[in-house]
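work29.cif, holding mmCIF, C-alpha atoms:
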```cif
data_target
loop_
_atom_site.label_atom_id
_atom_site.label_comp_id
_atom_site.auth_asym_id
_atom_site.auth_seq_id
_atom_site.Cartn_x
_atom_site.Cartn_y
_atom_site.Cartn_z
CA MET A 1 56.03 207.42 51.87
CA GLU A 2 52.55 208.45 50.77
CA ASP A 3 49.34 206.93 52.14
CA VAL A 4 46.58 207.19 49.56
CA ARG A 5 43.76 205.28 51.26
CA ARG A 6 44.68 203.75 54.59
CA GLU A 7 41.39 201.99 55.22
CA GLU A 8 41.69 199.55 52.31
CA ARG A 9 43.35 196.15 52.62
CA CYS A 10 46.46 195.57 50.53
CA GLU A 11 45.92 192.71 48.08
CA TYR A 12 48.78 193.39 45.65
CA LEU A 13 52.22 194.83 46.30
CA PHE A 14 54.12 196.00 43.23
CA LEU A 15 57.84 196.08 44.01
CA ASP A 16 60.90 197.43 42.22
CA ILE A 17 64.50 197.46 43.44
CA GLU A 18 67.48 199.10 41.77
CA TRP A 19 70.71 197.51 42.91
CA ASN A 20 74.44 197.86 42.64
CA GLN A 21 76.45 194.88 41.40
CA ALA A 22 79.89 195.08 42.99
CA PRO A 23 82.68 195.10 40.36
CA GLY A 24 84.03 191.62 39.69
CA THR A 25 80.87 189.84 40.92
CA VAL A 26 77.88 188.37 39.09
CA GLY A 27 75.72 186.63 41.71
CA ILE A 28 73.28 187.82 44.33
CA GLU A 29 75.99 187.98 47.01
CA GLY A 30 77.55 190.91 45.17
CA ARG A 31 74.32 192.89 44.98
CA GLU A 32 73.16 195.68 47.25
CA PRO A 33 69.93 197.66 46.78
CA VAL A 34 70.32 201.41 46.24
CA GLN A 35 66.63 202.18 45.66
CA ILE A 36 63.45 200.41 46.71
CA ALA A 37 59.88 201.38 45.85
CA ALA A 38 56.48 199.78 46.13
CA VAL A 39 52.88 200.46 45.17
CA ALA A 40 50.17 198.76 47.25
CA ALA A 41 46.77 198.15 45.63
CA ASP A 42 43.44 196.75 46.76
CA GLY A 43 41.49 193.92 45.14
CA GLU A 44 40.28 196.30 42.42
CA LEU A 45 43.89 197.29 41.71
CA GLN A 46 43.33 200.80 43.02
CA ILE A 47 46.39 202.35 44.68
CA ILE A 48 46.14 202.65 48.46
CA LYS A 49 49.75 203.33 49.48
CA THR A 50 53.16 204.06 47.96
CA PHE A 51 56.71 203.80 49.28
CA SER A 52 60.05 204.99 47.91
CA LYS A 53 63.48 205.26 49.54
CA ALA A 54 67.14 205.54 48.54
CA ILE A 55 69.51 203.11 50.26
CA ARG A 56 73.10 203.88 51.18
CA LEU A 57 75.78 201.55 49.84
CA SER A 58 77.76 199.83 52.61
CA ASN A 59 81.11 200.59 50.98
CA PRO A 60 81.70 203.32 48.35
CA ALA A 61 84.54 201.27 46.87
CA LEU A 62 81.96 198.70 45.74
CA LEU A 63 80.09 201.22 43.60
CA ASN A 64 79.83 200.10 40.00
CA GLU A 65 79.84 202.85 37.37
CA LYS A 66 77.01 201.05 35.57
CA THR A 67 74.84 201.61 38.63
CA MET A 68 75.16 205.37 38.31
CA LYS A 69 74.36 205.22 34.60
CA VAL A 70 71.37 202.87 34.82
CA SER A 71 69.75 204.26 37.98
CA HIS A 72 70.43 207.94 37.13
CA MET A 73 72.20 208.39 40.48
CA SER A 74 75.51 210.04 41.23
CA ALA A 75 77.96 208.57 43.73
CA LEU A 76 76.89 211.30 46.16
CA ASN A 77 73.21 210.31 45.76
CA VAL A 78 74.03 206.66 46.45
CA MET A 79 75.97 207.46 49.61
CA GLN A 80 73.38 209.91 50.93
CA GLY A 81 70.66 207.27 51.22
CA GLN A 82 69.58 205.69 54.50
CA PRO A 83 71.13 202.45 55.85
CA GLU A 84 69.74 199.32 54.23
CA GLU A 85 68.48 197.72 57.45
CA SER A 86 66.64 200.90 58.45
CA VAL A 87 64.94 201.22 55.06
CA LEU A 88 63.90 197.57 54.96
CA MET A 89 62.53 197.78 58.50
CA ASN A 90 60.47 200.80 57.44
CA PHE A 91 59.36 198.93 54.34
CA PHE A 92 58.07 195.91 56.23
CA LYS A 93 56.31 198.07 58.81
CA SER A 94 54.53 199.82 55.96
CA PHE A 95 53.49 196.53 54.34
CA PRO A 96 53.11 193.89 57.07
CA SER A 97 51.11 191.59 54.81
CA TYR A 98 50.24 191.22 51.14
CA PRO A 99 48.61 188.17 49.50
CA CYS A 100 50.40 188.82 46.18
CA ILE A 101 53.73 190.49 45.52
CA VAL A 102 54.32 191.46 41.89
CA VAL A 103 57.83 191.96 40.47
CA TRP A 104 59.11 192.21 36.94
CA THR A 105 61.83 189.54 37.24
CA ARG A 106 62.71 186.81 39.70
CA ASP A 107 66.00 188.61 40.51
CA THR A 108 64.12 191.43 42.24
CA TYR A 109 62.24 189.07 44.53
CA ASP A 110 65.33 186.94 45.22
CA LEU A 111 67.24 190.03 46.34
CA LEU A 112 64.41 191.02 48.68
CA ARG A 113 64.34 187.54 50.22
CA HIS A 114 68.13 187.51 50.52
CA ASP A 115 68.15 190.76 52.46
CA MET A 116 65.20 189.70 54.60
CA LYS A 117 67.18 186.66 55.66
CA LYS A 118 70.26 188.79 56.29
CA TYR A 119 68.39 190.99 58.76
CA LYS A 120 66.19 188.18 60.13
CA MET A 121 62.95 189.74 58.88
CA THR A 122 59.83 187.68 58.20
CA VAL A 123 56.51 188.39 56.54
CA LYS A 124 53.27 186.47 56.19
CA SER A 125 52.99 183.91 53.41
CA HIS A 126 52.19 185.29 49.97
CA GLN A 127 52.12 184.42 46.29
CA VAL A 128 54.84 185.71 43.97
CA VAL A 129 53.93 186.98 40.50
CA ILE A 130 56.80 187.31 38.02
CA LEU A 131 55.08 189.57 35.51
CA GLN A 132 57.68 189.03 32.78
CA ASP A 133 56.91 185.29 32.87
CA VAL A 134 53.14 185.88 32.95
CA ILE A 135 53.37 188.02 29.83
CA GLY A 136 55.36 185.26 28.14
CA VAL A 137 52.54 182.79 28.89
CA ILE A 138 49.66 184.93 27.62
CA MET A 139 51.67 185.79 24.51
CA GLY A 140 52.23 182.11 23.77
CA ARG A 141 55.94 182.51 24.50
CA MET A 142 56.32 180.74 27.85
CA ASN A 143 60.10 180.56 27.57
CA GLY A 144 60.47 183.88 25.79
CA LYS A 145 61.56 187.05 27.55
CA ILE A 146 60.31 190.54 26.83
CA GLY A 147 62.00 193.65 28.19
CA PHE A 148 60.19 195.97 30.57
CA LYS A 149 60.36 198.94 28.22
CA LYS A 150 59.12 196.85 25.30
CA ALA A 151 56.23 195.49 27.39
CA LEU A 152 55.13 199.03 28.28
CA GLU A 153 55.28 200.01 24.63
CA CYS A 154 53.41 196.96 23.34
CA VAL A 155 50.57 197.26 25.83
CA GLY A 156 50.32 201.02 25.41
CA VAL A 157 51.35 202.17 28.89
CA GLU A 158 52.69 205.70 28.55
CA TYR A 159 56.03 206.31 30.22
CA GLU A 160 58.77 208.91 30.33
CA PRO A 161 62.10 207.48 29.07
CA ASN A 162 64.00 209.69 31.54
CA TYR A 163 62.11 208.09 34.42
CA LEU A 164 62.85 204.45 33.59
CA HIS A 165 65.11 202.66 36.10
CA TYR A 166 64.07 204.92 38.94
CA ALA A 167 62.52 202.48 41.39
CA LYS A 168 59.75 204.96 42.26
CA HIS A 169 58.60 205.26 38.66
CA ASP A 170 59.21 201.64 37.66
CA ALA A 171 56.99 200.43 40.52
CA ALA A 172 54.23 202.74 39.25
CA TYR A 173 54.70 201.55 35.66
CA LEU A 174 54.67 197.94 36.87
CA HIS A 175 51.29 198.54 38.51
CA GLN A 176 49.89 200.14 35.35
CA LEU A 177 51.21 197.33 33.16
CA PHE A 178 49.77 194.62 35.43
CA ARG A 179 46.39 196.31 35.69
CA SER A 180 46.13 196.81 31.93
CA MET A 181 47.10 193.24 31.05
CA TYR A 182 45.02 191.67 33.83
CA ARG A 183 41.88 193.43 32.66
CA GLN A 184 42.47 192.68 29.00
CA TYR A 185 43.17 189.02 29.66
CA GLY A 186 40.18 188.77 31.99
CA GLU A 187 37.85 190.06 29.27
CA MET A 188 39.30 187.65 26.70
CA THR A 189 39.03 184.58 28.96
CA ASP A 190 35.82 185.50 30.77
CA GLU A 191 34.32 181.99 30.53
CA GLU A 192 37.51 179.93 30.34
CA TYR A 193 38.78 177.83 33.21
CA CYS A 194 41.76 175.67 34.10
CA ILE A 195 42.60 173.17 36.81
CA ALA A 196 44.86 174.36 39.62
CA ASN A 197 46.92 172.10 41.87
CA LEU A 198 46.82 173.85 45.24
CA GLU A 199 49.83 171.91 46.48
CA THR A 200 52.21 172.69 43.62
CA GLY A 201 50.71 175.98 42.40
CA LYS A 202 50.66 174.60 38.84
CA LEU A 203 47.88 175.13 36.31
CA HIS A 204 46.70 172.48 33.86
CA THR A 205 44.30 172.25 30.97
CA GLU A 206 41.73 169.46 30.88
CA GLU A 207 43.84 167.53 28.36
CA CYS A 208 47.06 167.65 30.43
CA ARG A 209 48.37 164.17 31.32
CA TYR A 210 49.32 165.32 34.82
CA ILE A 211 45.67 165.63 35.83
CA ARG A 212 45.33 161.85 36.02
CA ARG A 213 48.03 161.77 38.72
CA MET A 214 46.50 164.47 40.92
CA GLN A 215 44.44 163.74 43.98
CA GLN A 216 40.88 165.02 43.81
CA GLY A 217 41.24 167.10 46.99
CA LYS A 218 44.08 169.09 45.46
CA MET A 219 42.29 169.94 42.20
CA VAL A 220 40.37 173.21 42.00
CA LEU A 221 38.68 174.83 39.01
CA LYS A 222 40.02 178.37 38.50
CA PRO A 223 39.56 181.14 35.93
CA LYS A 224 42.56 181.57 33.65
CA THR A 225 43.32 184.94 35.21
CA VAL A 226 44.97 183.09 38.12
CA VAL A 227 48.17 183.27 36.07
CA PHE A 228 48.22 186.85 37.46
CA GLN A 229 48.00 185.59 41.05
CA GLY A 230 51.09 183.42 41.34
CA PHE A 231 49.89 180.20 39.68
CA VAL A 232 52.06 178.94 36.83
CA PRO A 233 51.06 176.71 33.86
CA CYS A 234 52.84 173.36 33.87
CA LYS A 235 55.53 172.71 31.28
CA VAL A 236 53.40 170.18 29.40
CA CYS A 237 50.46 172.42 28.54
CA GLY A 238 52.03 175.80 29.20
CA ASP A 239 53.77 176.10 25.85
CA ASN A 240 50.73 175.44 23.70
CA GLN A 241 48.35 178.13 22.48
CA THR A 242 45.71 177.42 25.16
CA TRP A 243 46.86 180.36 27.28
CA LYS A 244 47.66 182.76 24.46
CA ARG A 245 45.21 185.60 24.02
CA LEU A 246 47.34 188.68 23.43
CA ASN A 247 48.88 189.06 20.00
CA ILE A 248 51.63 191.54 20.77
CA ASP A 249 53.86 192.73 17.98
CA LEU A 250 57.30 192.94 19.54
CA LYS A 251 58.54 195.00 16.61
CA ARG A 252 55.96 197.73 17.10
CA LYS A 253 57.60 200.92 18.27
CA GLN A 254 56.23 203.12 20.98
CA LYS A 255 54.51 206.19 19.63
CA SER A 256 52.90 207.54 22.78
CA CYS A 257 56.13 209.04 24.15
CA GLY A 258 56.82 210.65 20.80
CA ARG A 259 53.31 212.03 20.75
CA ARG A 260 53.74 213.55 24.20
CA LYS A 261 57.06 215.09 23.22
CA ASN A 262 55.48 216.64 20.12
CA ARG A 263 52.56 217.87 22.21
CA LEU A 264 54.87 219.55 24.74
CA LYS A 265 56.95 221.10 21.97
CA SER A 266 53.87 222.63 20.36
CA LEU A 267 52.44 224.19 23.53
CA PRO A 268 52.08 227.98 23.59
CA LEU A 269 54.34 229.42 26.27
CA THR A 270 51.86 230.36 28.93
CA ASP A 271 53.04 230.29 32.56
CA GLU A 272 51.14 227.03 33.06
CA ASN A 273 52.73 225.37 30.02
CA ILE A 274 56.20 226.54 31.01
CA GLU A 275 55.60 224.90 34.38
CA THR A 276 54.50 221.66 32.66
CA ILE A 277 57.66 221.50 30.54
CA CYS A 278 59.98 222.33 33.45
CA GLN A 279 58.32 219.68 35.62
CA HIS A 280 58.71 217.20 32.78
CA PHE A 281 62.49 217.69 32.94
CA ARG A 282 62.46 218.18 36.74
CA VAL A 283 64.19 221.55 36.84
CA VAL A 284 63.50 224.47 39.17
CA TYR A 285 62.29 227.62 37.46
CA SER A 286 60.85 231.11 37.95
CA ILE A 287 59.36 233.57 35.46
CA THR A 288 59.82 237.34 35.32
CA ASP A 289 58.70 239.53 32.42
CA HIS A 290 59.36 237.16 29.47
CA VAL A 291 62.48 235.76 31.14
CA VAL A 292 62.66 232.25 32.59
CA PHE A 293 65.28 231.49 35.24
CA VAL A 294 66.13 227.78 35.38
CA ARG A 295 68.28 225.98 37.92
CA THR A 296 69.59 222.45 37.65
CA SER A 297 71.48 220.62 40.38
CA ILE A 298 74.73 222.44 39.51
CA ALA A 299 74.08 225.70 37.68
CA GLY A 300 71.64 228.44 36.73
CA TRP A 301 70.38 229.39 33.27
CA ILE A 302 68.52 232.42 31.89
CA ILE A 303 66.15 232.02 28.94
CA TYR A 304 64.84 235.08 27.09
CA LEU A 305 61.50 234.70 25.32
CA ASP A 306 59.77 236.60 22.55
CA GLY A 307 56.25 235.23 22.40
CA ASP A 308 56.63 231.47 21.93
CA ARG A 309 60.24 231.72 20.74
CA VAL A 310 63.49 231.54 22.68
CA THR A 311 65.76 234.39 21.59
CA LYS A 312 68.75 234.17 23.97
CA LEU A 313 70.26 231.69 26.40
CA PHE A 314 72.74 232.44 29.21
CA HIS A 315 74.60 229.93 31.39
CA GLU A 316 75.92 230.64 34.88
CA ASN A 317 79.71 230.62 35.15
CA TYR A 318 81.20 227.93 37.33
CA ARG A 319 84.71 226.86 38.19
CA MET A 320 85.75 223.31 39.00
CA ASN A 321 88.91 222.61 40.95
CA ASN A 322 90.25 220.12 43.49
CA SER A 323 88.41 221.77 46.38
CA VAL A 324 85.12 220.99 44.65
CA TYR A 325 85.53 217.28 45.15
CA SER A 326 86.59 217.58 48.77
CA LYS A 327 83.29 219.39 49.49
CA LYS A 328 80.94 216.62 48.47
CA GLN A 329 80.97 217.62 44.80
CA LYS A 330 79.21 220.96 45.37
CA LEU A 331 80.22 223.27 42.56
CA LYS A 332 81.51 226.67 43.53
CA CYS A 333 79.76 229.22 41.35
CA THR A 334 81.15 232.64 40.53
CA GLU A 335 78.99 235.62 39.78
CA GLY A 336 77.93 236.30 36.26
CA TYR A 337 76.66 234.46 33.22
CA HIS A 338 78.01 233.88 29.75
CA LYS A 339 75.99 233.67 26.55
CA GLN A 340 75.39 230.11 25.39
CA LYS A 341 74.88 229.08 21.78
CA LEU A 342 71.16 228.68 21.24
CA PRO A 343 70.35 225.03 20.31
CA SER A 344 66.80 225.88 19.18
CA GLU A 345 64.14 228.55 19.37
CA ASN A 346 61.74 225.98 20.86
CA PHE A 347 61.46 226.19 24.66
CA TYR A 348 61.09 222.40 25.09
CA ASP A 349 64.29 221.78 23.09
CA VAL A 350 66.18 224.38 25.12
CA ILE A 351 65.17 222.84 28.46
CA SER A 352 66.10 219.41 27.10
CA TYR A 353 69.52 220.79 26.11
CA ILE A 354 70.02 222.35 29.56
CA LYS A 355 69.16 219.08 31.31
CA SER A 356 71.49 217.07 29.08
CA HIS A 357 74.31 219.61 29.38
CA ASP A 358 74.40 219.69 33.18
CA SER A 359 73.76 215.95 33.57
CA GLY A 360 76.95 215.35 31.60
CA ILE A 361 78.87 217.58 34.00
CA VAL A 362 77.45 215.70 37.00
CA ARG A 363 78.51 212.35 35.53
CA LYS A 364 82.08 213.60 35.05
CA ILE A 365 82.21 214.89 38.61
CA SER A 366 80.81 211.65 40.04
CA LYS A 367 83.32 209.58 38.11
CA LYS A 368 86.26 211.67 39.27
CA SER A 369 85.03 211.72 42.85
CA ARG A 370 84.79 207.93 42.95
CA LEU A 371 88.32 207.58 41.62
CA GLU A 372 89.62 210.01 44.22
CA LYS A 373 87.98 208.00 46.98
CA LEU A 374 89.60 204.84 45.68
CA PHE A 375 92.99 206.54 45.58
CA GLU A 376 92.48 207.76 49.13
CA LYS A 377 91.67 204.24 50.25
CA VAL A 378 94.77 202.82 48.55
CA GLU A 379 96.93 205.53 50.09
CA MET A 380 95.50 204.84 53.55
CA GLU A 381 96.16 201.11 53.19
CA MET A 382 99.75 201.83 52.15
CA GLN A 383 100.23 204.03 55.20
CA MET A 384 98.82 201.31 57.46
CA ASN A 385 101.20 198.79 55.94
CA ILE A 386 104.14 201.13 56.62
CA ILE A 387 103.05 201.53 60.25
CA GLU A 388 102.66 197.77 60.73
CA ASN A 389 106.09 197.09 59.26
#
```

Take the structure I supplied and represent it as structure tokens, if you would.
Amino acid sequence: MEDVRREERCEYLFLDIEWNQAPGTVGIEGREPVQIAAVAADGELQIIKTFSKAIRLSNPALLNEKTMKVSHMSALNVMQGQPEESVLMNFFKSFPSYPCIVVWTRDTYDLLRHDMKKYKMTVKSHQVVILQDVIGVIMGRMNGKIGFKKALECVGVEYEPNYLHYAKHDAAYLHQLFRSMYRQYGEMTDEEYCIANLETGKLHTEECRYIRRMQQGKMVLKPKTVVFQGFVPCKVCGDNQTWKRLNIDLKRKQKSCGRRKNRLKSLPLTDENIETICQHFRVVYSITDHVVFVRTSIAGWIIYLDGDRVTKLFHENYRMNNSVYSKKQKLKCTEGYHKQKLPSENFYDVISYIKSHDSGIVRKISKKSRLEKLFEKVEMEMQMNIIEN
């Protein structure tokens, strides 16, 4: 957890949860969080505190392979997290109150509430902002759904594709997306107002037929930006073009990520730029006399440079056998390296290849490890049945 500015009051809490859906289930009862992250912001939407934790799954047999693929986590990563109750307790101590909680979809908030109830945790009253629904309203598509990635692209929020579906990064992107759209919409509707029903939390235009049924004491004039504070347009006037201000082309492709990739690929290979590229792919590195030593989570690599060109690539030898999986998937490395076919002379492309190569190995190991655990469980149950009989 990182405190950015402790003295400021939290007005907005941007929350993301990555969860595991147990195989054979579809509802919230089959879901367990494996990552939770939040960004707290003040009234000016400046960050004052962040939070990010991995959560251990209650039963490894419930791990869904899709969870590992979507959340970029191995089975070992999932099971090395902290207990859910401990993480949630820490979370609520960090954020005891927040007037507005912002999530991308209703499912995220429902899972939080479900787990709060499970552990008998309570927080002060707050408004819930479902940003996906808000975007639908201000695009004139109240019942339409836009994906998170597409929303980032359309609004121009730069993101790293490899970081999507990490709760830590998605919470940060959610904050950036909200701030960008809130400010744009505020400028476009600077002198426009609507009528809010404080009892129902619904918003109405002056022409809405529901206004005639409302009691005067419950009607309040509000700026249209209250759609970003938990108020929702009613179904009668919500679908018309009154709320639409952003003309977003859903077919427009994101160019910013491509631009950053091209920029990184064209960098001269100074020590600083090598560090930038290695940090981009999150690999450990060291530099010695035109040679870059890179280490991923499972193996080492040696990259030989000649100016800005890669001339040779070596990969550390490793051996996988049954003992590997009985030692928490730690690969046993033997001494020595072998020459690897060079995918490109560009340093960025080589690091990208290294990351992809070893990530594939990790996925294979994780998959096999999970199967072995399931077999062990079945074997144990069979032995118990024999003893009972």

Selection result of the PyMOL selection byres ((chain A and resi 128) around 9) on this file, as a PDB file with C-alpha atoms, in the coordinates of the input:
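That gives us result-v6.pdb:
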```pdb
ATOM      1  CA  PRO A  99      48.610 188.170  49.500  1.00  0.00           C
ATOM      2  CA  CYS A 100      50.400 188.820  46.180  1.00  0.00           C
ATOM      3  CA  ILE A 101      53.730 190.490  45.520  1.00  0.00           C
ATOM      4  CA  VAL A 102      54.320 191.460  41.890  1.00  0.00           C
ATOM      5  CA  VAL A 103      57.830 191.960  40.470  1.00  0.00           C
ATOM      6  CA  TYR A 109      62.240 189.070  44.530  1.00  0.00           C
ATOM      7  CA  HIS A 126      52.190 185.290  49.970  1.00  0.00           C
ATOM      8  CA  GLN A 127      52.120 184.420  46.290  1.00  0.00           C
ATOM      9  CA  VAL A 129      53.930 186.980  40.500  1.00  0.00           C
ATOM     10  CA  ILE A 130      56.800 187.310  38.020  1.00  0.00           C
ATOM     11  CA  GLN A 229      48.000 185.590  41.050  1.00  0.00           C
ATOM     12  CA  GLY A 230      51.090 183.420  41.340  1.00  0.00           C
ATOM     13  CA  PHE A 231      49.890 180.200  39.680  1.00  0.00           C
TER      14      PHE A 231
END
```

Using all atoms listed in the file, which residues sit within 6 Å of segment 58-75 of chain A once same-chain residues fewer than 6 positions away are excluded, as an MDAnalysis selection string?
chainID A and resid 20 22:23 165:166 366

Can you list, as a list in words, every protein, DNA or RNA residue that comes within 12 Å of Leu264 of chain A when you count all atoms listed in the file, leaving out same-chain residues fewer than 3 positions away?
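That gives Cys257, Gly258, Arg259, Arg260, Lys261, Leu267, Pro268, Leu269, Thr270, Glu272, Asn273, Ile274, Glu275, Thr276, Ile277, Cys278, Gln279, His280, Phe281, Asn346, Phe347, Tyr348, Asp349, Ile351 and Ser352 of chain A.
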
With 5 Å added on each side, what axis-aligned box encloses every listed atom of segment 158-171 of chain A? Give the centre and edge lengths in Å to one decimal, as JSON.
```
{"center_x": 58.9, "center_y": 205.1, "center_z": 35.4, "size_x": 22.4, "size_y": 19.3, "size_z": 23.7}
```

With the cut-off set at 9 Å and counting all atoms listed in the file, tabulate each residue of segment 198-297 of chain A with an atom at most that distance from an atom of segment 178-183 of chain A, showing the nearest atom pair and its distance in Å to one decimal, ordered by chain and increasing number, as JSON lines.
```
{"residue": "A:Thr225", "atom": "CA", "partner": "A:Tyr182", "partner_atom": "CA", "distance": 7.1}
{"residue": "A:Phe228", "atom": "CA", "partner": "A:Tyr182", "partner_atom": "CA", "distance": 6.8}
{"residue": "A:Leu246", "atom": "CA", "partner": "A:Met181", "partner_atom": "CA", "distance": 8.9}
```

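Going from atom CA of Val134 of chain A over to atom CA of Val232 of chain A, you cover 8.0 Å.
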
With the PyMOL selection byres ((chain A and resi 294) around 6) as the selection, what would be picked from this file? Answer as a PyMOL selection string, please.
chain A and resi 284-285+293+295+300-301

On this structure, the PyMOL selection byres ((chain A and resi 237) around 9) would catch which residues? List them as a ChimeraX atom specification, sorted by chain and number.
/A:203-205,207-209,233-236,238-243

Skip Met121 of chain A itself and residues of its chain fewer than 3 positions away, then list as number ranges by chain all residues within 12 Å of it, counting all atoms listed in the file.
A: 85-86, 88-93, 96, 112-118, 124

Need the shell around Lys244 of chain A: protein/DNA/RNA residues with any atom at most 7 Å away, counting all atoms listed in the file. Skip same-chain ones fewer than 3 positions apart. Format as a list in words?
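So the residues in contact are Val137, Ile138, Met139, Gly140 and Gln241 of chain A.
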
Please produce a file of the residues just selected, as a PDB file, in the frame of the given file, where the atoms kept are C-alpha atoms.
```
ATOM      1  CA  VAL A 137      52.540 182.790  28.890  1.00  0.00           C
ATOM      2  CA  ILE A 138      49.660 184.930  27.620  1.00  0.00           C
ATOM      3  CA  MET A 139      51.670 185.790  24.510  1.00  0.00           C
ATOM      4  CA  GLY A 140      52.230 182.110  23.770  1.00  0.00           C
ATOM      5  CA  GLN A 241      48.350 178.130  22.480  1.00  0.00           C
TER       6      GLN A 241
END
```

Leu152 of chain A: which residues within 8 Å, counting all atoms listed in the file, same-chain residues fewer than 5 positions away excluded, as JSON, numbers by chain?
{"A": [157, 158, 159, 173, 177]}

Find the distance between atom CA of Gly43 of chain A and atom CA of Leu15 of chain A and write it in Å to one decimal.
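Pair atom CA of Gly43 of chain A / atom CA of Leu15 of chain A returns 16.5 Å.
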
Let me make sure I understand: among A:Glu187, A:Asp170, A:Asp107, A:Glu192, which one has the smallest atom-to-atom distance to Glu29 of chain A if we use only C-alpha atoms?
A:Asp107

Quote the spacing between atom CA of Asp110 of chain A and atom CA of Gln80 of chain A in Å to one decimal place.
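Result for atom CA of Asp110 of chain A versus atom CA of Gln80 of chain A: 25.0 Å, one decimal.
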
Nearest to Ile135 of chain A by atom-to-atom distance, counting all atoms listed in the file, from A:Arg245, A:Glu18, A:Asn162, A:Ile195
A:Arg245
